[in-house]
file input.txt (compact mmCIF, C-alpha atoms)
# COMPACT_ATOMS: atom_id res chain seq x y z
CA MET G 1 114.39 126.13 64.74
CA MET G 2 113.22 124.57 68.03
CA VAL G 3 109.67 123.36 68.23
CA GLY G 4 108.11 124.18 71.60
CA VAL G 5 105.14 122.63 73.34
CA MET G 6 102.01 124.49 72.34
CA PRO G 7 100.02 125.87 75.25
CA ARG G 8 96.33 125.06 75.60
CA ASP G 9 93.57 127.60 75.14
CA ASP G 10 93.63 128.25 78.90
CA GLY G 11 97.31 129.20 78.69
CA LEU G 12 98.55 126.10 80.55
CA LEU G 13 101.02 123.55 79.27
CA PRO G 14 99.70 119.95 79.23
CA LEU G 15 101.63 118.91 82.37
CA GLU G 16 100.55 122.05 84.22
CA SER G 17 96.96 121.41 83.16
CA VAL G 18 97.06 117.88 84.58
CA THR G 19 98.54 119.16 87.84
CA SER G 20 95.87 121.84 88.09
CA PHE G 21 93.11 119.29 87.42
CA LEU G 22 94.41 116.87 90.06
CA HIS G 23 94.76 119.69 92.59
CA THR G 24 91.14 120.68 91.95
CA ILE G 25 89.87 117.11 92.32
CA GLU G 26 91.77 116.40 95.54
CA ASN G 27 90.02 119.33 97.22
CA MET G 28 86.49 118.11 96.37
CA PRO G 29 85.32 115.94 99.31
CA GLN G 30 82.27 114.52 97.51
CA THR G 31 84.32 113.39 94.53
CA VAL G 32 87.14 111.96 96.64
CA GLY G 33 84.71 110.24 99.03
CA ILE G 34 82.74 108.56 96.25
CA ALA G 35 85.95 107.50 94.50
CA TRP G 36 87.25 105.99 97.77
CA LEU G 37 84.03 104.10 98.44
CA VAL G 38 83.70 102.77 94.88
CA SER G 39 87.37 101.82 94.54
CA SER G 40 87.30 99.98 97.88
CA ALA G 41 83.96 98.22 97.45
CA LEU G 42 84.38 97.22 93.81
CA TYR G 43 87.96 97.42 92.56
CA THR G 44 89.86 96.39 95.72
CA THR G 45 87.34 93.69 96.61
CA TYR G 46 87.53 92.19 93.12
CA ALA G 47 91.31 92.49 92.70
CA THR G 48 92.16 91.14 96.16
CA ASN G 49 89.88 88.12 95.93
CA GLN G 50 90.99 87.35 92.38
CA PHE G 51 94.58 87.30 93.63
CA LEU G 52 93.91 85.20 96.72
CA ASN G 53 91.71 82.70 94.88
CA TYR G 54 93.88 82.31 91.79
CA LYS G 55 94.91 78.71 91.13
CA PRO G 56 98.18 78.50 89.14
CA THR G 57 98.27 76.16 86.17
CA THR G 58 100.04 72.91 87.03
CA VAL G 59 102.31 71.17 84.49
CA THR G 60 104.58 68.15 84.64
CA VAL G 61 108.33 68.54 84.99
CA SER G 62 108.83 66.99 81.55
CA GLU G 63 106.48 69.55 80.00
CA ARG G 64 108.43 72.40 81.58
CA ARG G 65 111.77 70.96 80.40
CA SER G 66 110.45 70.54 76.86
CA SER G 67 108.81 73.99 76.97
CA ILE G 68 105.44 72.33 76.30
CA SER G 69 102.89 73.85 78.63
CA PRO G 70 99.27 75.00 78.55
CA LEU G 71 98.54 78.28 76.79
CA LEU G 72 99.14 81.20 79.16
CA PRO G 73 98.91 84.99 78.86
CA PRO G 74 102.04 86.49 77.22
CA LEU G 75 102.94 88.44 80.38
CA THR G 76 103.37 86.25 83.44
CA PHE G 77 104.96 86.48 86.87
CA PRO G 78 107.11 83.51 88.01
CA ALA G 79 105.47 83.14 91.42
CA TYR G 80 106.18 79.39 91.37
CA LYS G 81 109.80 80.16 92.26
CA TRP G 82 108.75 81.05 95.82
CA LYS G 83 107.15 78.54 98.16
CA VAL G 84 105.00 81.00 100.09
CA THR G 85 101.30 81.40 100.80
CA ARG G 86 99.02 83.68 98.79
CA PRO G 87 98.57 86.15 101.71
CA THR G 88 102.36 86.49 102.04
CA LEU G 89 102.78 87.07 98.30
CA LEU G 90 99.90 89.55 98.22
CA THR G 91 101.35 91.61 101.09
CA LEU G 92 104.82 91.67 99.50
CA CYS G 93 103.47 92.81 96.12
CA ARG G 94 101.14 95.40 97.65
CA PHE G 95 103.89 97.08 99.64
CA GLY G 96 106.49 96.96 96.89
CA GLY G 97 104.10 98.23 94.23
CA SER G 98 102.61 100.93 96.44
CA LEU G 99 106.08 102.23 97.33
CA LEU G 100 107.04 102.39 93.66
CA LEU G 101 103.84 104.23 92.75
CA GLY G 102 104.27 106.55 95.73
CA LEU G 103 107.72 107.55 94.44
CA ILE G 104 107.08 107.94 90.70
CA ALA G 105 103.31 108.44 90.17
CA HIS G 106 103.45 112.24 90.30
CA THR G 107 103.31 115.03 87.76
CA ASP G 108 106.68 116.33 88.95
CA PHE G 109 110.05 114.59 88.78
CA ARG G 110 111.22 115.03 92.39
CA ILE G 111 111.75 111.30 92.87
CA TRP G 112 115.06 111.67 94.72
CA GLU G 113 113.53 114.18 97.13
CA ARG G 114 110.77 111.71 97.98
CA ILE G 115 113.34 108.94 98.50
CA VAL G 116 115.30 111.13 100.92
CA GLU G 117 112.14 112.21 102.76
CA THR G 118 111.05 108.58 103.09
CA ALA G 119 114.44 107.45 104.42
CA GLN G 120 114.63 110.28 106.94
CA ALA G 121 111.12 109.64 108.32
CA ALA G 122 111.40 105.83 108.36
CA PRO G 123 112.87 105.42 111.90
CA ALA G 124 109.86 107.18 113.44
CA PHE G 125 107.47 104.81 111.65
CA LEU G 126 109.05 101.46 112.57
CA PHE G 127 106.29 100.40 114.96
CA PRO G 128 103.38 101.77 112.86
CA ALA G 129 104.83 100.01 109.80
CA ALA G 130 105.01 96.72 111.70
CA CYS G 131 101.36 97.22 112.63
CA LEU G 132 100.54 97.92 108.98
CA PHE G 133 102.22 94.70 107.92
CA VAL G 134 100.39 92.62 110.53
CA ALA G 135 97.07 94.30 109.67
CA ASN G 136 97.45 93.64 105.93
CA PHE G 137 98.84 90.13 106.22
CA SER G 138 96.27 89.01 108.80
CA ASN G 139 93.47 90.57 106.76
CA ALA G 140 94.59 88.59 103.70
CA VAL G 141 94.71 85.37 105.76
CA SER G 142 91.23 86.10 107.11
CA LEU G 143 89.77 86.79 103.66
CA ASP G 144 91.34 83.58 102.39
CA ARG G 145 89.89 81.48 105.22
CA ILE G 146 86.54 82.95 106.33
CA GLY G 147 85.54 85.19 103.45
CA ILE G 148 84.56 88.82 103.00
CA SER G 149 81.43 89.13 105.18
CA LEU G 150 82.87 87.91 108.47
CA THR G 151 86.26 89.54 107.89
CA TYR G 152 84.82 93.01 107.37
CA THR G 153 82.28 92.64 110.16
CA SER G 154 85.16 91.82 112.50
CA LYS G 155 86.81 95.07 111.41
CA CYS G 156 84.01 96.89 113.27
CA ALA G 157 85.90 95.94 116.44
CA ILE G 158 88.54 98.55 115.62
CA PRO G 159 86.87 101.32 117.73
CA LEU G 160 86.52 98.94 120.68
CA ILE G 161 90.15 97.83 120.49
CA THR G 162 91.34 101.42 119.94
CA VAL G 163 89.60 102.49 123.16
CA LEU G 164 91.25 99.64 125.08
CA LEU G 165 94.69 100.50 123.69
CA ALA G 166 94.23 104.20 124.48
CA LEU G 167 93.19 103.26 128.02
CA LEU G 168 96.32 101.14 128.47
CA MET G 169 98.66 103.75 126.96
CA ASP G 170 97.19 107.05 128.19
CA GLY G 171 94.88 106.16 131.07
CA VAL G 172 91.25 107.05 131.81
CA LYS G 173 91.62 110.62 130.54
CA SER G 174 91.90 109.28 126.99
CA LEU G 175 88.47 107.61 127.05
CA PRO G 176 85.67 109.07 124.88
CA ASN G 177 82.35 110.21 126.33
CA GLN G 178 79.79 107.82 127.80
CA TYR G 179 77.68 107.77 124.62
CA ALA G 180 80.63 106.61 122.55
CA LEU G 181 81.41 103.94 125.14
CA LEU G 182 77.80 102.71 124.99
CA SER G 183 78.05 102.40 121.20
CA LEU G 184 80.78 99.78 121.71
CA VAL G 185 78.17 97.37 123.10
CA PRO G 186 76.31 96.78 119.80
CA ILE G 187 79.69 96.39 118.09
CA ALA G 188 80.69 93.55 120.42
CA VAL G 189 77.23 91.93 120.32
CA GLY G 190 77.03 92.32 116.53
CA ILE G 191 80.40 90.64 115.91
CA GLY G 192 79.36 87.78 118.17
CA ALA G 193 76.03 87.37 116.34
CA ALA G 194 77.71 87.58 112.91
CA SER G 195 80.06 84.78 113.95
CA TRP G 196 77.42 82.63 115.66
CA ASN G 197 77.13 79.36 113.76
CA SER G 198 78.34 81.17 110.62
CA PRO G 199 78.89 78.77 107.70
CA THR G 200 82.36 80.24 107.09
CA PHE G 201 83.49 80.56 110.72
CA GLU G 202 86.70 78.92 111.86
CA ILE G 203 89.02 79.72 114.75
CA ALA G 204 92.16 80.40 112.68
CA GLY G 205 90.42 82.73 110.19
CA PHE G 206 88.48 84.63 112.87
CA SER G 207 91.64 84.98 114.99
CA ALA G 208 93.41 86.44 111.95
CA ALA G 209 90.56 88.93 111.47
CA MET G 210 90.73 90.05 115.11
CA LEU G 211 94.54 90.27 114.93
CA SER G 212 94.15 92.47 111.85
CA ALA G 213 91.67 94.70 113.69
CA THR G 214 94.02 94.93 116.68
CA ALA G 215 97.00 95.82 114.49
CA GLN G 216 94.90 98.42 112.64
CA SER G 217 93.90 99.97 115.97
CA ALA G 218 97.54 100.09 117.09
CA LEU G 219 98.42 101.61 113.72
CA ASN G 220 95.78 104.32 114.17
CA VAL G 221 97.16 105.29 117.56
CA SER G 222 100.90 105.01 116.81
CA SER G 223 100.86 106.57 113.33
CA LYS G 224 99.27 109.78 114.66
CA ARG G 225 102.17 110.16 117.08
CA ALA G 226 104.71 109.46 114.34
CA MET G 227 103.06 112.03 112.04
CA MET G 228 103.13 114.66 114.80
CA LYS G 229 106.80 113.92 115.41
CA THR G 230 107.91 114.07 111.76
CA GLY G 231 105.40 116.44 110.19
CA ILE G 232 104.67 113.82 107.50
CA ARG G 233 101.06 113.89 106.31
CA GLY G 234 98.68 112.33 103.80
CA ALA G 235 99.98 110.16 100.97
CA SER G 236 103.57 110.71 102.19
CA THR G 237 102.64 108.78 105.34
CA GLN G 238 101.49 105.86 103.21
CA ARG G 239 104.77 105.93 101.29
CA VAL G 240 106.90 105.82 104.45
CA LEU G 241 104.76 103.09 106.01
CA VAL G 242 104.94 100.77 102.98
CA ALA G 243 108.70 101.42 102.61
CA VAL G 244 109.37 100.09 106.10
CA GLY G 245 106.63 97.48 105.73
CA LEU G 246 108.27 96.23 102.52
CA ILE G 247 111.46 95.38 104.42
CA ILE G 248 109.41 93.36 106.92
CA ALA G 249 107.46 91.67 104.11
CA MET G 250 110.69 90.75 102.29
CA ALA G 251 112.13 89.21 105.47
CA VAL G 252 108.95 87.21 106.14
CA THR G 253 108.84 86.02 102.51
CA TYR G 254 112.49 84.95 102.61
CA PHE G 255 112.19 82.93 105.81
CA GLU G 256 108.84 81.38 104.86
CA ASN G 257 110.24 80.32 101.49
CA LYS G 258 113.43 78.96 103.09
CA SER G 259 111.43 76.98 105.65
CA ASN G 260 109.11 75.46 103.04
CA VAL G 261 112.01 74.55 100.74
CA ALA G 262 113.79 72.88 103.65
CA LYS G 263 110.66 70.87 104.49
CA SER G 264 110.34 69.72 100.87
CA THR G 265 114.01 68.73 100.76
CA LYS G 266 113.77 66.89 104.07
CA ALA G 267 110.73 64.98 102.84
CA GLY G 268 112.90 63.84 99.92
CA SER G 269 110.02 63.58 97.48
CA ALA G 270 110.82 64.82 94.00
CA GLU G 271 107.92 66.79 92.57
CA SER G 272 106.44 65.29 89.42
CA THR G 273 104.50 68.48 88.74
CA THR G 274 105.25 72.16 89.01
CA LYS G 275 103.31 75.41 88.66
CA GLU G 276 103.38 77.79 85.73
CA GLY G 277 103.79 81.55 85.85
CA GLU G 278 100.76 83.62 86.82
CA PRO G 279 99.14 86.40 84.76
CA LEU G 280 100.93 89.65 85.48
CA MET G 281 97.60 91.48 85.33
CA ILE G 282 96.35 90.07 88.65
CA TYR G 283 99.46 91.52 90.31
CA VAL G 284 99.06 94.91 88.62
CA MET G 285 95.39 95.04 89.63
CA ALA G 286 96.08 94.09 93.26
CA ILE G 287 98.86 96.67 93.59
CA ALA G 288 96.93 99.49 91.90
CA ALA G 289 93.77 98.76 93.92
CA TYR G 290 95.65 98.84 97.23
CA HIS G 291 97.52 102.05 96.41
CA ILE G 292 94.48 103.90 95.06
CA GLU G 293 92.30 102.96 98.03
CA TYR G 294 94.83 104.08 100.63
CA VAL G 295 95.77 107.32 98.85
CA LEU G 296 92.09 108.24 98.47
CA SER G 297 91.56 107.41 102.13
CA PHE G 298 94.34 109.79 103.19
CA MET G 299 92.99 112.48 100.86
CA PHE G 300 89.43 112.10 102.17
CA VAL G 301 90.32 112.12 105.85
CA LYS G 302 91.93 115.57 105.38
CA LEU G 303 88.81 117.02 103.75
CA VAL G 304 86.07 115.98 106.18
CA SER G 305 85.37 115.79 109.89
CA PRO G 306 86.09 112.60 111.84
CA VAL G 307 82.34 111.98 112.14
CA THR G 308 81.85 112.16 108.37
CA PHE G 309 84.84 109.92 107.76
CA GLY G 310 83.64 107.36 110.28
CA ALA G 311 80.14 107.33 108.81
CA CYS G 312 81.51 106.88 105.30
CA ASP G 313 83.81 104.12 106.52
CA ALA G 314 80.81 102.24 107.95
CA VAL G 315 79.03 102.59 104.61
CA ARG G 316 82.21 101.43 102.86
CA ARG G 317 82.40 98.26 104.96
CA LEU G 318 78.77 97.45 104.22
CA SER G 319 79.41 98.11 100.52
CA VAL G 320 82.41 95.76 100.56
CA ILE G 321 80.31 92.99 102.15
CA LEU G 322 77.45 93.43 99.66
CA ALA G 323 79.74 93.78 96.64
CA GLY G 324 81.76 90.75 97.69
CA ARG G 325 78.68 88.56 97.96
CA ALA G 326 77.35 89.89 94.65
CA MET G 327 80.62 89.19 92.81
CA PHE G 328 81.76 85.97 94.47
CA GLY G 329 78.64 84.56 96.14
CA GLY G 330 79.13 82.49 99.27
CA LYS G 331 77.30 80.21 101.66
CA PRO G 332 73.92 81.58 102.86
CA LEU G 333 74.04 83.53 106.10
CA THR G 334 71.56 82.90 108.88
CA ALA G 335 69.16 85.57 110.09
CA VAL G 336 71.30 85.93 113.23
CA ASN G 337 74.43 86.46 111.10
CA ILE G 338 72.74 89.14 109.00
CA ALA G 339 71.38 90.89 112.09
CA GLY G 340 74.85 90.76 113.66
CA ILE G 341 76.45 92.37 110.61
CA GLY G 342 73.90 95.17 110.66
CA LEU G 343 74.24 95.70 114.42
CA ALA G 344 78.04 95.86 114.27
CA LEU G 345 77.95 98.38 111.40
CA LEU G 346 75.38 100.53 113.24
CA GLY G 347 77.58 100.42 116.34
CA ALA G 348 80.61 101.57 114.32
CA LEU G 349 78.53 104.39 112.83
CA GLY G 350 77.23 105.35 116.28
CA TYR G 351 80.76 105.47 117.67
CA SER G 352 81.84 107.84 114.90
CA VAL G 353 78.92 110.16 115.59
CA THR G 354 79.06 110.13 119.41
CA THR G 355 82.81 110.74 119.66
CA SER G 356 82.17 114.30 118.42
CA ILE G 357 80.07 115.04 121.50
CA LYS G 358 82.06 116.88 124.14
CA LYS G 359 82.31 115.33 127.59

call {"tool": "encode", "arguments": {"input": "input.txt", "output": "structure tokens"}}
result
Amino acid sequence: MMVGVMPRDDGLLPLESVTSFLHTIENMPQTVGIAWLVSSALYTTYATNQFLNYKPTTVTVSERRSSISPLLPPLTFPAYKWKVTRPTLLTLCRFGGSLLLGLIAHTDFRIWERIVETAQAAPAFLFPAACLFVANFSNAVSLDRIGISLTYTSKCAIPLITVLLALLMDGVKSLPNQYALLSLVPIAVGIGAASWNSPTFEIAGFSAAMLSATAQSALNVSSKRAMMKTGIRGASTQRVLVAVGLIIAMAVTYFENKSNVAKSTKAGSAESTTKEGEPLMIYVMAIAAYHIEYVLSFMFVKLVSPVTFGACDAVRRLSVILAGRAMFGGKPLTAVNIAGIGLALLGALGYSVTTSIKK
């Protein structure tokens, strides 16, 4: 006699019940919005900075050969095999992990259908995916060099850069109303004040932050066109973007590793020490945090107006800055820096509100 799966009291099988629950949650803007804000401010901030700031255990070559090494977690990732920077490794893992989750983390088993859909849509997303890679990689470099506060304040420049790109691509007719244009002034002034004599400011890190903001702006403009062309929406867009972005990340990782190995070989100095494997958990956390934040973002943007999304995004940035300083501390900011952060965030909020006003 075959034993079947017992239905629940509501008449649904367990898998159907989970699907029904997820469908209900994804149509609740308050729940999705709060989950997005909390996951971004707390989970992503913590996981990303833990990854970037992790210092691998160093052992001597003789210890590795004799299998005598410091006590490590049972599950480790052999990152020491690649001579690449932490931002490069983070971007590679984020894209690869997010693609895998985007294909299999569903209550159905239509994995092959999602693979086919992703492959078919990929050509239309080549440029947006390149922008996504640059935005993520540059953001990681910026976080690593100038910290959370200045990096996320610089992100407030996205509306300003988006307007400039739209002007270059579509002409004057694409400009928002005069109130929205005026709101760009406090954004520019605020970023300047936040950077003024900041204890963490440096040219390379700030340039990376502005490059990330520029790439994000280009992504916003180009991805909308790609979505209109293909009909791809929501989390499916994220899956296609990271699939193409993963190819770029793999190429960058390969050539960076090859270049660094060649430099070490040319120097001719045999290393007396080497690095141990890293805890697998920091990779799992970084991947899950990235995927959850972006999927929730795509879900939320479908449920609310652009004004609401923009306002929540401004609150999210402020929450990231505050949470980052609470969790990781940092050098004291000056009164001018603090005022600049607040002014830039208010400008970003004002832009979101005023763009809804008809010309």

call {"tool": "residues_around", "arguments": {"input": "input.txt", "residues": "Asn139 of chain G", "least_positions_apart": "3", "cutoff": "8 Å", "atoms": "all atoms listed in the file", "output": "list of chain:residue names"}}
result
G:Ala135, G:Asn136, G:Ser142, G:Leu143, G:Thr151, G:Ala208, G:Ala209, G:Ser212

call {"tool": "residues_around", "arguments": {"input": "input.txt", "residues": "segment 332-349 of chain G", "least_positions_apart": "6", "cutoff": "6 Å", "atoms": "all atoms listed in the file", "output": "list in words"}}
result
Thr153, Cys156, Ser183, Pro186, Ile187, Gly190, Ile191, Ala193, Ala194, Ala311 and Ala314 of chain G

call {"tool": "atom_distance", "arguments": {"input": "input.txt", "atom1": "atom CA of Ile282 of chain G", "atom2": "atom CA of Arg94 of chain G"}}
result
11.5 Å

call {"tool": "residues_around", "arguments": {"input": "input.txt", "residues": "Ser207 of chain G", "least_positions_apart": "5", "cutoff": "12 Å", "atoms": "all atoms listed in the file", "output": "NGL selection string"}}
result
:G and (138-139 or 141-143 or 145-146 or 150-151 or 154-155 or 195 or 201-202 or 212-214)

call {"tool": "residues_around", "arguments": {"input": "input.txt", "residues": "Asn257 of chain G", "least_positions_apart": "4", "cutoff": "10 Å", "atoms": "all atoms listed in the file", "output": "compact mmCIF listing (two decimals) with C-alpha atoms, keeping the file's coordinate frame"}}
result
# COMPACT_ATOMS: atom_id res chain seq x y z
CA LYS G 81 109.80 80.16 92.26
CA TRP G 82 108.75 81.05 95.82
CA LYS G 83 107.15 78.54 98.16
CA VAL G 84 105.00 81.00 100.09
CA THR G 85 101.30 81.40 100.80
CA ALA G 251 112.13 89.21 105.47
CA VAL G 252 108.95 87.21 106.14
CA THR G 253 108.84 86.02 102.51
CA VAL G 261 112.01 74.55 100.74
CA ALA G 262 113.79 72.88 103.65
CA LYS G 263 110.66 70.87 104.49

call {"tool": "closest_residue", "arguments": {"input": "input.txt", "among": "G:Val240, G:Ala235, G:Ala119, G:Met228", "to": "Leu296 of chain G", "atoms": "all atoms listed in the file"}}
result
G:Ala235

call {"tool": "atom_distance", "arguments": {"input": "input.txt", "atom1": "atom CA of Thr88 of chain G", "atom2": "atom CA of Leu165 of chain G"}}
result
26.9 Å

call {"tool": "residues_around", "arguments": {"input": "input.txt", "residues": "Phe125 of chain G", "least_positions_apart": "4", "cutoff": "8 Å", "atoms": "all atoms listed in the file", "output": "list in words"}}
result
Ala121, Ala129, Ser223, Ala226, Val240, Leu241 and Val244 of chain G

call {"tool": "build_atoms", "arguments": {"input": "input.txt", "residues": "segment 112-122 of chain G", "atoms": "all heavy atoms", "output": "tab-separated table (two decimals), in the coordinates of the input"}}
result
chain	number	residue	atom	x	y	z
G	112	TRP	N	113.98	111.77	93.73
G	112	TRP	CA	115.06	111.67	94.72
G	112	TRP	C	114.67	112.36	96.02
G	112	TRP	O	114.98	111.85	97.11
G	112	TRP	CB	116.34	112.27	94.17
G	112	TRP	CG	117.49	112.21	95.16
G	112	TRP	CD1	118.07	113.25	95.81
G	112	TRP	CD2	118.13	111.02	95.62
G	112	TRP	NE1	119.05	112.79	96.64
G	112	TRP	CE2	119.12	111.42	96.55
G	112	TRP	CE3	117.98	109.66	95.34
G	112	TRP	CZ2	119.94	110.52	97.20
G	112	TRP	CZ3	118.81	108.76	96.00
G	112	TRP	CH2	119.77	109.19	96.92
G	113	GLU	N	113.97	113.48	95.93
G	113	GLU	CA	113.53	114.18	97.13
G	113	GLU	C	112.58	113.30	97.95
G	113	GLU	O	112.66	113.28	99.19
G	113	GLU	CB	112.83	115.49	96.75
G	113	GLU	CG	113.75	116.56	96.18
G	113	GLU	CD	113.00	117.83	95.86
G	113	GLU	OE1	111.94	118.06	96.48
G	113	GLU	OE2	113.48	118.60	95.00
G	114	ARG	N	111.70	112.58	97.27
G	114	ARG	CA	110.77	111.71	97.98
G	114	ARG	C	111.50	110.52	98.60
G	114	ARG	O	111.12	110.05	99.69
G	114	ARG	CB	109.66	111.23	97.03
G	114	ARG	CG	108.61	112.31	96.75
G	114	ARG	CD	107.44	111.75	95.97
G	114	ARG	NE	107.76	111.61	94.55
G	114	ARG	CZ	107.62	112.57	93.65
G	114	ARG	NH1	107.18	113.77	94.02
G	114	ARG	NH2	107.91	112.36	92.38
G	115	ILE	N	112.54	110.03	97.94
G	115	ILE	CA	113.34	108.94	98.50
G	115	ILE	C	114.02	109.39	99.78
G	115	ILE	O	114.02	108.69	100.80
G	115	ILE	CB	114.38	108.44	97.48
G	115	ILE	CG1	113.69	107.76	96.30
G	115	ILE	CG2	115.37	107.48	98.15
G	115	ILE	CD1	114.63	107.35	95.18
G	116	VAL	N	114.61	110.58	99.75
G	116	VAL	CA	115.30	111.13	100.92
G	116	VAL	C	114.31	111.37	102.07
G	116	VAL	O	114.58	111.02	103.22
G	116	VAL	CB	116.02	112.45	100.56
G	116	VAL	CG1	116.57	113.12	101.81
G	116	VAL	CG2	117.15	112.18	99.56
G	117	GLU	N	113.16	111.95	101.75
G	117	GLU	CA	112.14	112.21	102.76
G	117	GLU	C	111.68	110.91	103.40
G	117	GLU	O	111.51	110.83	104.63
G	117	GLU	CB	110.94	112.92	102.13
G	117	GLU	CG	109.81	113.22	103.11
G	117	GLU	CD	108.56	113.72	102.43
G	117	GLU	OE1	108.07	113.05	101.50
G	117	GLU	OE2	108.04	114.77	102.86
G	118	THR	N	111.49	109.89	102.59
G	118	THR	CA	111.05	108.58	103.09
G	118	THR	C	112.09	107.97	104.02
G	118	THR	O	111.77	107.47	105.10
G	118	THR	CB	110.78	107.62	101.91
G	118	THR	OG1	109.78	108.19	101.06
G	118	THR	CG2	110.29	106.27	102.42
G	119	ALA	N	113.36	108.02	103.61
G	119	ALA	CA	114.44	107.45	104.42
G	119	ALA	C	114.60	108.18	105.75
G	119	ALA	O	114.84	107.56	106.79
G	119	ALA	CB	115.75	107.48	103.63
G	120	GLN	N	114.46	109.49	105.72
G	120	GLN	CA	114.63	110.28	106.94
G	120	GLN	C	113.50	110.03	107.94
G	120	GLN	O	113.72	110.03	109.15
G	120	GLN	CB	114.70	111.77	106.59
G	120	GLN	CG	115.98	112.17	105.87
G	120	GLN	CD	115.99	113.63	105.46
G	120	GLN	OE1	114.94	114.29	105.38
G	120	GLN	NE2	117.17	114.16	105.18
G	121	ALA	N	112.28	109.83	107.43
G	121	ALA	CA	111.12	109.64	108.32
G	121	ALA	C	110.96	108.20	108.78
G	121	ALA	O	110.25	107.93	109.75
G	121	ALA	CB	109.85	110.11	107.61
G	122	ALA	N	111.61	107.25	108.10
G	122	ALA	CA	111.40	105.83	108.36
G	122	ALA	C	111.60	105.42	109.83
G	122	ALA	O	110.79	104.66	110.37
G	122	ALA	CB	112.30	105.00	107.46
